[in-house]
$ cat structure-v2.cif   # mmCIF, C-alpha atoms and all ligand atoms
data_my_file
loop_
_atom_site.label_atom_id
_atom_site.label_comp_id
_atom_site.auth_asym_id
_atom_site.auth_seq_id
_atom_site.Cartn_x
_atom_site.Cartn_y
_atom_site.Cartn_z
CA MET A 374 -9.23 26.14 -0.70
CA PRO A 375 -5.85 24.67 0.31
CA GLN A 376 -5.91 23.06 3.71
CA GLU A 377 -2.87 23.05 6.00
CA LEU A 378 -2.21 19.68 7.58
CA LYS A 379 -2.16 19.80 11.37
CA ASN A 380 0.13 16.76 11.44
CA ASN A 381 2.34 16.77 8.36
CA ARG A 382 5.01 14.34 9.60
CA LEU A 383 4.31 11.66 7.01
CA ILE A 384 4.61 13.96 3.99
CA LYS A 385 7.69 15.66 5.43
CA ALA A 386 9.41 12.35 6.18
CA LEU A 387 8.67 11.06 2.66
CA LEU A 388 10.20 14.23 1.22
CA ARG A 389 13.14 13.79 3.64
CA GLU A 390 12.45 17.04 5.43
CA PRO A 391 13.09 17.41 9.19
CA VAL A 392 10.40 16.18 11.60
CA ASP A 393 10.07 16.18 15.40
CA MET A 394 9.51 12.41 15.60
CA THR A 395 9.28 9.47 13.20
CA PRO A 396 5.79 9.13 11.68
CA VAL A 397 4.08 5.76 11.90
CA TRP A 398 1.16 4.02 10.22
CA ILE A 399 0.38 0.32 9.84
CA MET A 400 -0.23 -1.58 6.59
CA ARG A 401 -3.83 -2.88 6.76
CA GLN A 402 -4.44 -0.70 9.81
CA ALA A 403 -8.18 -0.92 9.18
CA GLY A 404 -8.86 -4.63 9.32
CA ARG A 405 -10.05 -7.73 11.07
CA TYR A 406 -7.83 -7.39 14.18
CA LEU A 407 -10.18 -4.53 15.21
CA PRO A 408 -13.55 -5.64 16.67
CA GLU A 409 -15.14 -2.42 15.37
CA TYR A 410 -14.01 -3.34 11.82
CA ARG A 411 -15.62 -6.76 12.15
CA ALA A 412 -18.84 -5.10 13.33
CA THR A 413 -18.96 -2.68 10.36
CA ARG A 414 -18.14 -5.47 7.95
CA LYS A 415 -21.05 -7.48 9.38
CA LYS A 416 -23.30 -4.48 8.92
CA ALA A 417 -22.15 -4.22 5.27
CA GLY A 418 -22.84 -7.93 4.72
CA ASP A 419 -19.65 -8.68 2.79
CA PHE A 420 -16.22 -7.23 2.01
CA VAL A 421 -16.98 -6.03 -1.53
CA THR A 422 -20.10 -4.16 -0.35
CA LEU A 423 -18.03 -2.61 2.45
CA CYS A 424 -15.51 -1.31 -0.12
CA GLN A 425 -18.30 -0.06 -2.41
CA THR A 426 -20.29 1.86 0.23
CA PRO A 427 -18.45 5.18 0.76
CA GLU A 428 -20.01 5.90 4.19
CA LEU A 429 -18.92 2.49 5.52
CA ALA A 430 -15.49 2.63 3.83
CA CYS A 431 -15.04 6.05 5.46
CA GLU A 432 -16.09 4.68 8.84
CA VAL A 433 -13.54 1.83 8.78
CA THR A 434 -10.79 4.10 7.40
CA LEU A 435 -11.16 6.28 10.50
CA GLN A 436 -11.49 3.46 13.07
CA PRO A 437 -7.75 2.93 13.70
CA LEU A 438 -7.25 6.71 14.00
CA LEU A 439 -9.82 6.91 16.78
CA ARG A 440 -7.82 4.34 18.73
CA TYR A 441 -4.21 5.32 18.03
CA PRO A 442 -2.28 8.57 17.35
CA LEU A 443 -1.32 7.38 13.85
CA ASP A 444 0.34 9.84 11.47
CA ALA A 445 -1.71 8.88 8.40
CA ALA A 446 -4.98 7.39 7.23
CA ILE A 447 -5.06 5.00 4.26
CA ILE A 448 -8.26 4.83 2.26
CA PHE A 449 -10.15 1.62 2.93
CA SER A 450 -10.38 -0.19 -0.38
CA ASP A 451 -8.55 -3.00 -2.13
CA ILE A 452 -6.07 -3.37 -4.97
CA LEU A 453 -8.58 -5.65 -6.74
CA THR A 454 -11.08 -2.82 -7.41
CA ILE A 455 -9.49 -2.26 -10.85
CA PRO A 456 -9.93 -5.83 -12.18
CA ASP A 457 -13.44 -5.79 -10.69
CA ALA A 458 -14.18 -2.56 -12.59
CA MET A 459 -12.88 -4.30 -15.75
CA GLY A 460 -15.72 -6.79 -15.32
CA LEU A 461 -13.99 -9.76 -13.69
CA GLY A 462 -16.42 -9.95 -10.75
CA LEU A 463 -14.61 -9.83 -7.40
CA LYS A 464 -15.71 -11.93 -4.42
CA LEU A 465 -13.97 -12.47 -1.13
CA ILE A 466 -14.47 -16.01 0.07
CA GLU A 467 -14.08 -16.58 3.80
CA SER A 468 -10.83 -18.40 4.65
CA VAL A 469 -9.96 -18.72 0.91
CA GLY A 470 -9.33 -15.09 -0.09
CA PRO A 471 -10.27 -13.08 -3.17
CA ARG A 472 -11.69 -14.88 -6.24
CA PHE A 473 -12.78 -13.60 -9.64
CA GLU A 474 -15.83 -14.99 -11.44
CA ARG A 475 -13.92 -14.63 -14.72
CA SER A 476 -10.17 -14.87 -15.29
CA ILE A 477 -7.85 -13.85 -18.14
CA SER A 478 -6.08 -16.45 -20.25
CA THR A 479 -5.93 -15.35 -23.89
CA LEU A 480 -5.01 -12.35 -26.00
CA SER A 481 -8.67 -11.93 -26.95
CA ASP A 482 -9.64 -11.78 -23.23
CA ILE A 483 -7.16 -8.92 -22.81
CA LYS A 484 -8.32 -7.08 -25.92
CA LYS A 485 -11.88 -7.11 -24.53
CA LEU A 486 -10.90 -5.50 -21.20
CA PRO A 487 -12.36 -2.02 -20.82
CA LEU A 488 -10.42 0.94 -19.39
CA PRO A 489 -12.45 1.92 -16.30
CA ASP A 490 -13.35 5.57 -15.86
CA PRO A 491 -12.40 6.30 -12.23
CA GLU A 492 -15.31 8.73 -11.80
CA GLN A 493 -17.78 6.14 -13.13
CA GLU A 494 -17.02 2.50 -12.34
CA LEU A 495 -14.70 3.43 -9.46
CA LYS A 496 -16.60 6.47 -8.27
CA TYR A 497 -17.26 4.75 -4.95
CA VAL A 498 -13.50 4.94 -4.18
CA MET A 499 -13.34 8.63 -5.10
CA ASP A 500 -16.47 9.36 -3.02
CA ALA A 501 -14.92 7.53 -0.05
CA ILE A 502 -11.74 9.63 -0.43
CA ARG A 503 -13.74 12.88 -0.56
CA LEU A 504 -15.71 11.82 2.52
CA VAL A 505 -12.63 10.80 4.52
CA ARG A 506 -10.87 14.08 3.67
CA LYS A 507 -13.87 15.98 4.98
CA GLU A 508 -13.98 13.92 8.19
CA LEU A 509 -10.22 14.14 8.76
CA ASN A 510 -10.50 17.91 8.63
CA GLY A 511 -6.77 18.29 7.95
CA ASN A 512 -5.64 16.31 11.00
CA VAL A 513 -3.43 13.78 9.17
CA PRO A 514 -2.77 13.07 5.49
CA LEU A 515 -4.77 10.49 3.54
CA ILE A 516 -2.88 7.85 1.56
CA GLY A 517 -4.37 6.58 -1.71
CA PHE A 518 -3.14 3.36 -3.31
CA SER A 519 -3.20 0.86 -6.12
CA GLY A 520 -1.74 -2.54 -6.91
CA SER A 521 1.17 -2.74 -9.35
CA PRO A 522 0.36 -3.96 -12.87
CA TRP A 523 2.28 -7.23 -12.31
CA THR A 524 0.55 -7.98 -8.99
CA LEU A 525 -2.89 -7.16 -10.46
CA ALA A 526 -2.10 -9.32 -13.51
CA THR A 527 -1.27 -12.34 -11.29
CA TYR A 528 -4.74 -12.16 -9.67
CA MET A 529 -6.46 -11.68 -13.04
CA ILE A 530 -4.66 -14.59 -14.70
CA GLU A 531 -4.87 -16.96 -11.73
CA GLY A 532 -8.48 -15.97 -10.98
CA GLY A 533 -7.56 -15.15 -7.38
CA SER A 534 -4.80 -15.79 -4.87
CA SER A 535 -2.20 -18.32 -5.83
CA LYS A 536 0.68 -20.19 -4.24
CA ASN A 537 3.00 -20.69 -7.20
CA PHE A 538 1.60 -18.37 -9.91
CA SER A 539 1.85 -21.17 -12.47
CA LYS A 540 -0.57 -19.61 -15.00
CA ALA A 541 0.94 -16.11 -14.76
CA LYS A 542 4.47 -17.45 -15.05
CA LYS A 543 3.46 -19.64 -17.98
CA MET A 544 2.15 -16.58 -19.81
CA LEU A 545 5.38 -14.77 -18.98
CA ASP A 546 7.50 -17.61 -20.41
CA LYS A 547 5.40 -18.66 -23.40
CA GLU A 548 3.60 -15.46 -24.42
CA PRO A 549 5.52 -12.49 -23.07
CA ASP A 550 3.97 -10.13 -25.64
CA THR A 551 0.47 -11.06 -24.48
CA LEU A 552 1.48 -10.38 -20.87
CA HIS A 553 3.03 -7.05 -21.88
CA LEU A 554 -0.25 -6.04 -23.47
CA LEU A 555 -2.11 -6.79 -20.22
CA LEU A 556 0.52 -4.97 -18.15
CA GLN A 557 0.34 -1.89 -20.38
CA HIS A 558 -3.45 -1.87 -20.18
CA LEU A 559 -3.24 -2.13 -16.38
CA THR A 560 -0.64 0.65 -16.31
CA ASP A 561 -3.04 2.94 -18.20
CA ALA A 562 -5.84 2.05 -15.78
CA VAL A 563 -3.66 2.58 -12.68
CA VAL A 564 -2.46 6.00 -13.90
CA LEU A 565 -6.06 7.15 -14.45
CA TYR A 566 -7.12 5.67 -11.10
CA LEU A 567 -4.31 7.19 -9.02
CA ASN A 568 -4.56 10.60 -10.68
CA ALA A 569 -8.29 10.55 -9.92
CA GLN A 570 -7.47 9.66 -6.30
CA ILE A 571 -5.10 12.64 -6.13
CA ASN A 572 -7.83 14.89 -7.59
CA ALA A 573 -10.31 13.52 -5.04
CA GLY A 574 -7.92 14.38 -2.19
CA ALA A 575 -5.30 11.65 -1.70
CA GLN A 576 -2.19 13.36 -0.28
CA ALA A 577 0.31 10.51 -0.69
CA ILE A 578 0.31 7.48 -2.99
CA MET A 579 1.45 3.94 -2.38
CA ILE A 580 1.82 1.19 -5.00
CA PHE A 581 1.66 -2.38 -3.68
CA ASP A 582 3.66 -4.92 -5.67
CA THR A 583 3.02 -7.83 -3.35
CA TRP A 584 4.20 -10.48 -5.82
CA GLY A 585 7.13 -8.81 -7.61
CA GLY A 586 9.51 -10.78 -5.39
CA MET A 587 8.34 -14.00 -7.10
CA LEU A 588 10.21 -12.99 -10.26
CA SER A 589 13.82 -13.47 -11.32
CA THR A 590 15.91 -10.30 -11.48
CA PRO A 591 15.58 -9.75 -15.26
CA ASP A 592 11.86 -10.62 -15.16
CA TYR A 593 11.27 -8.21 -12.25
CA MET A 594 12.91 -5.37 -14.22
CA GLU A 595 10.98 -6.15 -17.41
CA PHE A 596 7.54 -7.18 -16.13
CA SER A 597 7.13 -5.31 -12.86
CA LEU A 598 9.50 -2.43 -12.14
CA SER A 599 9.41 -0.88 -15.63
CA TYR A 600 5.62 -0.51 -15.40
CA MET A 601 5.78 1.00 -11.89
CA LYS A 602 8.28 3.50 -13.27
CA ARG A 603 5.88 4.37 -16.09
CA ILE A 604 3.12 4.92 -13.53
CA ARG A 605 5.38 7.15 -11.47
CA ASP A 606 6.27 9.17 -14.56
CA TYR A 607 2.62 9.78 -15.44
CA LEU A 608 1.34 10.64 -11.96
CA LYS A 609 0.58 14.26 -11.35
CA THR A 610 2.48 14.49 -8.10
CA LYS A 611 0.95 17.73 -6.93
CA ASN A 612 -2.56 18.32 -5.65
CA SER A 613 -4.10 21.69 -4.86
CA GLU A 614 -2.09 21.86 -1.62
CA ASN A 615 1.18 19.93 -1.67
CA ARG A 616 3.58 17.63 -3.43
CA VAL A 617 2.08 14.13 -3.41
CA PRO A 618 4.87 11.68 -2.53
CA VAL A 619 4.85 8.25 -4.17
CA THR A 620 6.00 5.14 -2.29
CA LEU A 621 6.70 1.80 -3.97
CA PHE A 622 6.48 -1.51 -2.14
CA THR A 623 7.70 -4.74 -3.66
CA LYS A 624 7.70 -7.50 -1.09
CA GLY A 625 10.92 -9.52 -1.26
CA ALA A 626 12.78 -6.88 -3.28
CA ASN A 627 15.73 -6.20 -1.04
CA GLN A 628 18.28 -7.04 -3.71
CA TRP A 629 16.65 -4.49 -6.04
CA ILE A 630 16.35 -1.42 -3.78
CA GLU A 631 18.84 0.65 -5.84
CA ASP A 632 16.87 -0.13 -9.01
CA ILE A 633 13.62 0.88 -7.32
CA ALA A 634 15.20 4.15 -6.15
CA GLU A 635 16.14 4.85 -9.81
CA THR A 636 12.43 5.14 -10.72
CA GLY A 637 12.35 8.55 -9.04
CA CYS A 638 9.87 7.46 -6.36
CA ASP A 639 9.94 9.39 -3.07
CA GLY A 640 9.76 6.43 -0.73
CA ILE A 641 10.47 2.70 -0.76
CA SER A 642 8.63 0.42 1.62
CA ILE A 643 10.79 -2.52 2.69
CA ASP A 644 9.99 -5.86 4.30
CA TRP A 645 11.74 -7.28 7.38
CA ASN A 646 14.24 -9.51 5.57
CA CYS A 647 16.79 -6.73 5.55
CA ASN A 648 18.42 -4.29 7.91
CA ILE A 649 16.99 -0.82 7.38
CA GLY A 650 20.30 0.86 8.31
CA GLU A 651 22.14 -1.11 5.62
CA VAL A 652 19.46 -0.31 3.05
CA ARG A 653 19.79 3.37 3.98
CA LYS A 654 23.53 3.22 3.29
CA ARG A 655 22.84 1.70 -0.13
CA VAL A 656 20.33 4.35 -1.26
CA GLY A 657 21.90 7.35 0.51
CA ASP A 658 19.65 10.37 0.48
CA ARG A 659 17.89 9.50 -2.78
CA VAL A 660 14.68 8.17 -1.19
CA ALA A 661 12.84 7.85 2.12
CA LEU A 662 12.44 4.37 3.60
CA GLN A 663 9.29 2.93 5.10
CA GLY A 664 9.27 -0.09 7.39
CA ASN A 665 10.24 -2.60 8.45
CA MET A 666 9.04 -4.48 11.51
CA ASP A 667 8.09 -8.13 11.12
CA PRO A 668 4.27 -8.21 11.59
CA SER A 669 4.63 -11.31 13.76
CA MET A 670 6.50 -9.21 16.38
CA LEU A 671 3.05 -7.84 17.30
CA ARG A 672 2.30 -11.26 18.84
CA GLU A 673 5.08 -10.72 21.40
CA ASP A 674 4.88 -8.94 24.77
CA GLU A 675 5.41 -5.23 25.42
CA GLU A 676 9.11 -5.55 26.21
CA LYS A 677 9.86 -7.36 22.93
CA ILE A 678 7.76 -4.96 20.83
CA VAL A 679 9.41 -1.89 22.36
CA GLY A 680 12.84 -3.52 21.98
CA GLU A 681 12.21 -4.19 18.30
CA VAL A 682 11.00 -0.62 17.69
CA ARG A 683 14.15 0.67 19.40
CA SER A 684 16.37 -1.54 17.29
CA ILE A 685 14.77 -0.46 13.98
CA LEU A 686 14.93 3.25 14.92
CA ASP A 687 18.53 2.82 15.98
CA SER A 688 19.41 0.95 12.79
CA TYR A 689 17.95 3.75 10.63
CA GLY A 690 19.78 6.28 12.80
CA HIS A 691 19.61 10.06 12.95
CA GLY A 692 17.91 12.43 10.56
CA PRO A 693 14.77 12.47 8.42
CA GLY A 694 13.51 10.09 5.76
CA HIS A 695 12.08 7.26 7.86
CA VAL A 696 8.41 6.30 8.06
CA PHE A 697 7.86 3.55 10.59
CA ASN A 698 5.62 0.68 9.45
CA LEU A 699 5.43 -3.08 9.35
CA GLY A 700 7.16 -4.96 6.54
CA HIS A 701 3.74 -6.26 5.42
CA GLY A 702 0.12 -6.13 6.58
CA ILE A 703 -1.02 -6.67 10.16
CA THR A 704 -2.72 -10.06 10.61
CA PRO A 705 -6.22 -10.64 12.07
CA ASP A 706 -4.93 -12.43 15.21
CA ILE A 707 -3.16 -9.37 16.69
CA ASN A 708 -4.28 -7.90 20.01
CA PRO A 709 -5.20 -4.23 19.32
CA GLU A 710 -3.43 -3.19 22.54
CA ASN A 711 -0.10 -4.19 21.02
CA VAL A 712 -0.61 -1.69 18.20
CA ALA A 713 -0.97 1.06 20.83
CA ILE A 714 2.33 -0.08 22.37
CA LEU A 715 4.03 0.05 18.95
CA VAL A 716 2.72 3.51 17.97
CA ASP A 717 3.59 5.06 21.35
CA ALA A 718 7.05 3.49 21.33
CA VAL A 719 7.81 4.92 17.86
CA HIS A 720 6.77 8.41 18.91
CA ASP A 721 8.57 8.31 22.30
CA LEU A 722 11.81 6.67 21.25
CA SER A 723 12.28 8.40 17.90
CA GLN A 724 12.50 11.97 19.20
CA GLN A 725 16.17 11.57 20.11
CA TYR A 726 16.99 10.86 16.43
CA HIS A 727 15.46 14.15 15.26
CA LYS A 728 17.16 16.64 17.58
CA LYS A 729 19.11 19.33 15.80
O1 LIG A 801 -4.12 -0.81 4.72
C1 LIG A 801 -5.33 -0.57 4.86
O2 LIG A 801 -5.89 -0.48 5.99
C2 LIG A 801 -6.17 -0.30 3.62
C3 LIG A 801 -6.87 -1.40 3.12
C4 LIG A 801 -6.27 -2.46 2.22
C5 LIG A 801 -6.94 -3.68 2.02
N1 LIG A 801 -6.30 -4.37 1.02
C6 LIG A 801 -8.15 -4.10 2.73
C7 LIG A 801 -8.45 -5.54 2.82
C8 LIG A 801 -5.15 -2.45 1.38
C9 LIG A 801 -4.06 -1.41 1.25
C10 LIG A 801 -5.20 -3.65 0.64
C11 LIG A 801 -4.22 -3.98 -0.40
C12 LIG A 801 -4.17 -5.36 -0.93
N2 LIG A 801 -5.23 -6.19 -1.21
C13 LIG A 801 -2.98 -6.00 -1.33
C14 LIG A 801 -1.61 -5.38 -1.33
C15 LIG A 801 -1.02 -5.27 0.01
C16 LIG A 801 -0.63 -6.57 0.62
O3 LIG A 801 -1.13 -6.86 1.71
O4 LIG A 801 0.23 -7.25 0.05
C17 LIG A 801 -3.33 -7.27 -1.81
C18 LIG A 801 -2.39 -8.33 -2.33
C19 LIG A 801 -4.75 -7.37 -1.75
C20 LIG A 801 -5.60 -8.49 -2.20
C21 LIG A 801 -6.37 -9.04 -1.09
N3 LIG A 801 -7.47 -8.44 -0.52
C22 LIG A 801 -6.14 -10.25 -0.43
C23 LIG A 801 -5.02 -11.22 -0.75
C24 LIG A 801 -7.12 -10.36 0.56
C25 LIG A 801 -7.38 -11.54 1.46
C26 LIG A 801 -6.31 -11.70 2.44
C27 LIG A 801 -6.82 -11.43 3.81
O5 LIG A 801 -6.15 -10.65 4.54
O6 LIG A 801 -7.86 -12.01 4.13
C28 LIG A 801 -7.92 -9.20 0.51
C29 LIG A 801 -9.03 -8.84 1.40
C30 LIG A 801 -8.86 -7.66 2.26
N4 LIG A 801 -8.44 -6.46 1.80
C31 LIG A 801 -9.15 -7.55 3.65
C32 LIG A 801 -8.90 -6.22 4.00
C33 LIG A 801 -9.12 -5.56 5.35
C34 LIG A 801 -9.71 -8.64 4.54
C35 LIG A 801 -11.18 -8.52 4.29
C36 LIG A 801 -12.05 -9.10 5.33
O7 LIG A 801 -12.05 -10.34 5.47
O8 LIG A 801 -12.78 -8.31 5.94
#
$ encode --input "structure-v2.cif" --output "structure tokens" --more "lines below"
Ligand code: CP3
Amino acid sequence: MPQELKNNRLIKALLREPVDMTPVWIMRQAGRYLPEYRATRKKAGDFVTLCQTPELACEVTLQPLLRYPLDAAIIFSDILTIPDAMGLGLKLIESVGPRFERSISTLSDIKKLPLPDPEQELKYVMDAIRLVRKELNGNVPLIGFSGSPWTLATYMIEGGSSKNFSKAKKMLDKEPDTLHLLLQHLTDAVVLYLNAQINAGAQAIMIFDTWGGMLSTPDYMEFSLSYMKRIRDYLKTKNSENRVPVTLFTKGANQWIEDIAETGCDGISIDWNCNIGEVRKRVGDRVALQGNMDPSMLREDEEKIVGEVRSILDSYGHGPGHVFNLGHGITPDINPENVAILVDAVHDLSQQYHKK
């Protein structure tokens, strides 16, 4: 039974349809800056168990929405669920970050990687989505997500987070065909995973290419963007209710925005190293833009935060097609009260840009 969204600002803005005010959500809105997140994580025991327990994942997904009038929920999960489901063994090590028990270095490692069935190995994500949709009861849309093939490949080859991506870049330089095989396998897995998320109830999709900006321009086109385009082409961008807009985020990609728009995505998420008004001029009305406040602005006082919100809204200017967000994830040291200031400022100050 199709369900009307009570607050449909996010979907409308991504499809560049008129809205009454600019929608806002925060990358990593469910996370360690919230004391209630830390409490649920403690109850779960560890991060991977939290992700894999649908009731707890649902609980933390909803936590930021109980505090703030956000215009979207994003399913609590991680981009590294896919490599974990391929058997790499994900662990999150306190103050180090994610690590895999096994990493990928040879062609034979890649040939052995299974293609996870989203309703089997990743069923916990689909169950969490179904649960959150039930709990949201049509109040705001639910965003589903995945990592990009290139970003997932860097974690799989490096065995976890990395500063200089030496192993992944070595594979790119010395064995590009091997890397392409891994990227194609990941593309197949991401398409299955995101289509399953849409079937389970995700109403918008975001693809995180956190490390695409580490590549040269030709390498970005060949090893990252082309696979995101393939994913976009194979997504069924309609669920039982609505069009499902797709947003791409490559951190550090400001010189490539036109190329990203060419993929046919609905939205592009941009970081804070660019002026959103200038980016808007470059892409015209081809795509919606999401962003782009520097997450560190949330460490400032109320006056500075409101001033920065005003300046970003003013830079984007009048008309639809803007989703307010940070240029990257919120950090654990942020005072939750400052998020309330940000969300209220976006809603209050943006109305003047949407008058007819
Ligand atoms: O936005 C949301 O609220 C949804 C949840 C979400 C998480 N990870 C939860 C998480 C999303 C969308 C992600 C995506 C993700 N995960 C990305 C892409 C987006 C980005 O930020 O660039 C990447 C690169 C990862 C991989 C990952 N997971 C890293 C590097 C880390 C450790 C870094 C850190 O912040 O500690 C994680 C762990 C992680 N994923 C946490 C959360 C809330 C922290 C877990 C904890 O300590 O409780």
$ residues_around --input "structure-v2.cif" --residues "range 441-448 of chain A" --least-positions-apart "3" --cutoff "8 Å" --atoms "all atoms listed in the file" --output "PyMOL selection string"
chain A and resi 380-383+396-398+402+430-431+434-435+437-438+501-502+505+513-518+712-713+716-717
$ residues_around --input "structure-v2.cif" --residues "range 638-650 of chain A" --least-positions-apart "5" --cutoff "8 Å" --atoms "only C-alpha atoms" --output "MDAnalysis selection string"
chainID A and resid 387:388 605 618:627 630 633 659:667 685 688:690 699:701
$ residues_near_ligand --input "structure-v2.cif" --ligand "ligand LIG 801 (chain A)" --cutoff "6 Å" --atoms "only C-alpha atoms and all ligand atoms" --output "count of residues only"
18
$ residues_around --input "structure-v2.cif" --residues "range 533-549 of chain A" --least-positions-apart "5" --cutoff "8 Å" --atoms "all atoms listed in the file" --output "ChimeraX atom specification"
/A:470-473,526-528
$ atom_distance --input "structure-v2.cif" --atom1 "CA of His691 in chain A" --atom2 "CA of Lys385 in chain A"
15.2 Å
$ residues_around --input "structure-v2.cif" --residues "Pro522 in chain A" --least-positions-apart "4" --cutoff "12 Å" --atoms "only C-alpha atoms" --output "PyMOL selection string"
chain A and resi 452-453+455-456+526-530+552-564+580-585+593+595-604+623
$ write_last_selection --input "structure-v2.cif" --atoms "C-alpha atoms" --output "PDB file, in the frame of the given file"
ATOM      1  CA  ILE A 452      -6.070  -3.370  -4.970  1.00  0.00           C
ATOM      2  CA  LEU A 453      -8.580  -5.650  -6.740  1.00  0.00           C
ATOM      3  CA  ILE A 455      -9.490  -2.260 -10.850  1.00  0.00           C
ATOM      4  CA  PRO A 456      -9.930  -5.830 -12.180  1.00  0.00           C
ATOM      5  CA  ALA A 526      -2.100  -9.320 -13.510  1.00  0.00           C
ATOM      6  CA  THR A 527      -1.270 -12.340 -11.290  1.00  0.00           C
ATOM      7  CA  TYR A 528      -4.740 -12.160  -9.670  1.00  0.00           C
ATOM      8  CA  MET A 529      -6.460 -11.680 -13.040  1.00  0.00           C
ATOM      9  CA  ILE A 530      -4.660 -14.590 -14.700  1.00  0.00           C
ATOM     10  CA  LEU A 552       1.480 -10.380 -20.870  1.00  0.00           C
ATOM     11  CA  HIS A 553       3.030  -7.050 -21.880  1.00  0.00           C
ATOM     12  CA  LEU A 554      -0.250  -6.040 -23.470  1.00  0.00           C
ATOM     13  CA  LEU A 555      -2.110  -6.790 -20.220  1.00  0.00           C
ATOM     14  CA  LEU A 556       0.520  -4.970 -18.150  1.00  0.00           C
ATOM     15  CA  GLN A 557       0.340  -1.890 -20.380  1.00  0.00           C
ATOM     16  CA  HIS A 558      -3.450  -1.870 -20.180  1.00  0.00           C
ATOM     17  CA  LEU A 559      -3.240  -2.130 -16.380  1.00  0.00           C
ATOM     18  CA  THR A 560      -0.640   0.650 -16.310  1.00  0.00           C
ATOM     19  CA  ASP A 561      -3.040   2.940 -18.200  1.00  0.00           C
ATOM     20  CA  ALA A 562      -5.840   2.050 -15.780  1.00  0.00           C
ATOM     21  CA  VAL A 563      -3.660   2.580 -12.680  1.00  0.00           C
ATOM     22  CA  VAL A 564      -2.460   6.000 -13.900  1.00  0.00           C
ATOM     23  CA  ILE A 580       1.820   1.190  -5.000  1.00  0.00           C
ATOM     24  CA  PHE A 581       1.660  -2.380  -3.680  1.00  0.00           C
ATOM     25  CA  ASP A 582       3.660  -4.920  -5.670  1.00  0.00           C
ATOM     26  CA  THR A 583       3.020  -7.830  -3.350  1.00  0.00           C
ATOM     27  CA  TRP A 584       4.200 -10.480  -5.820  1.00  0.00           C
ATOM     28  CA  GLY A 585       7.130  -8.810  -7.610  1.00  0.00           C
ATOM     29  CA  TYR A 593      11.270  -8.210 -12.250  1.00  0.00           C
ATOM     30  CA  GLU A 595      10.980  -6.150 -17.410  1.00  0.00           C
ATOM     31  CA  PHE A 596       7.540  -7.180 -16.130  1.00  0.00           C
ATOM     32  CA  SER A 597       7.130  -5.310 -12.860  1.00  0.00           C
ATOM     33  CA  LEU A 598       9.500  -2.430 -12.140  1.00  0.00           C
ATOM     34  CA  SER A 599       9.410  -0.880 -15.630  1.00  0.00           C
ATOM     35  CA  TYR A 600       5.620  -0.510 -15.400  1.00  0.00           C
ATOM     36  CA  MET A 601       5.780   1.000 -11.890  1.00  0.00           C
ATOM     37  CA  LYS A 602       8.280   3.500 -13.270  1.00  0.00           C
ATOM     38  CA  ARG A 603       5.880   4.370 -16.090  1.00  0.00           C
ATOM     39  CA  ILE A 604       3.120   4.920 -13.530  1.00  0.00           C
ATOM     40  CA  THR A 623       7.700  -4.740  -3.660  1.00  0.00           C
TER      41      THR A 623
END
$ closest_residue --input "structure-v2.cif" --among "A:Asp721, A:Glu409, A:Glu492, A:Asp632" --to "Arg655 in chain A" --atoms "only C-alpha atoms"
A:Asp632
$ closest_residue --input "structure-v2.cif" --among "A:Val652, A:Leu486, A:Ala412, A:Leu495" --to "Leu565 in chain A" --atoms "only C-alpha atoms"
A:Leu495
$ atom_distance --input "structure-v2.cif" --atom1 "CA of Thr479 in chain A" --atom2 "CA of Leu463 in chain A"
19.4 Å
$ closest_residue --input "structure-v2.cif" --among "A:Leu480, A:Leu686, A:Leu423, A:Ala575" --to "Leu504 in chain A" --atoms "only C-alpha atoms"
A:Ala575
$ closest_residue --input "structure-v2.cif" --among "A:Leu567, A:Asp658, A:Ile707, A:Glu631" --to "Val617 in chain A" --atoms "all atoms listed in the file"
A:Leu567
$ atom_distance --input "structure-v2.cif" --atom1 "CA of Lys611 in chain A" --atom2 "CA of Glu432 in chain A"
26.6 Å
$ closest_residue --input "structure-v2.cif" --among "A:Glu676, A:Glu467, A:Asp457, A:Glu474" --to "Asn711 in chain A" --atoms "only C-alpha atoms"
A:Glu676
$ residues_around --input "structure-v2.cif" --residues "Gln725 in chain A" --least-positions-apart "6" --cutoff "12 Å" --atoms "all atoms listed in the file" --output "list in words"
Val392, Asp393, Met394, Thr395, Arg683, Leu686, Asp687, Gly690, His691, Gly692, Pro693 and Val719 of chain A
$ closest_residue --input "structure-v2.cif" --among "A:Ile703, A:Met459, A:Ala569, A:Leu439" --to "Ile399 in chain A" --atoms "only C-alpha atoms"
A:Ile703
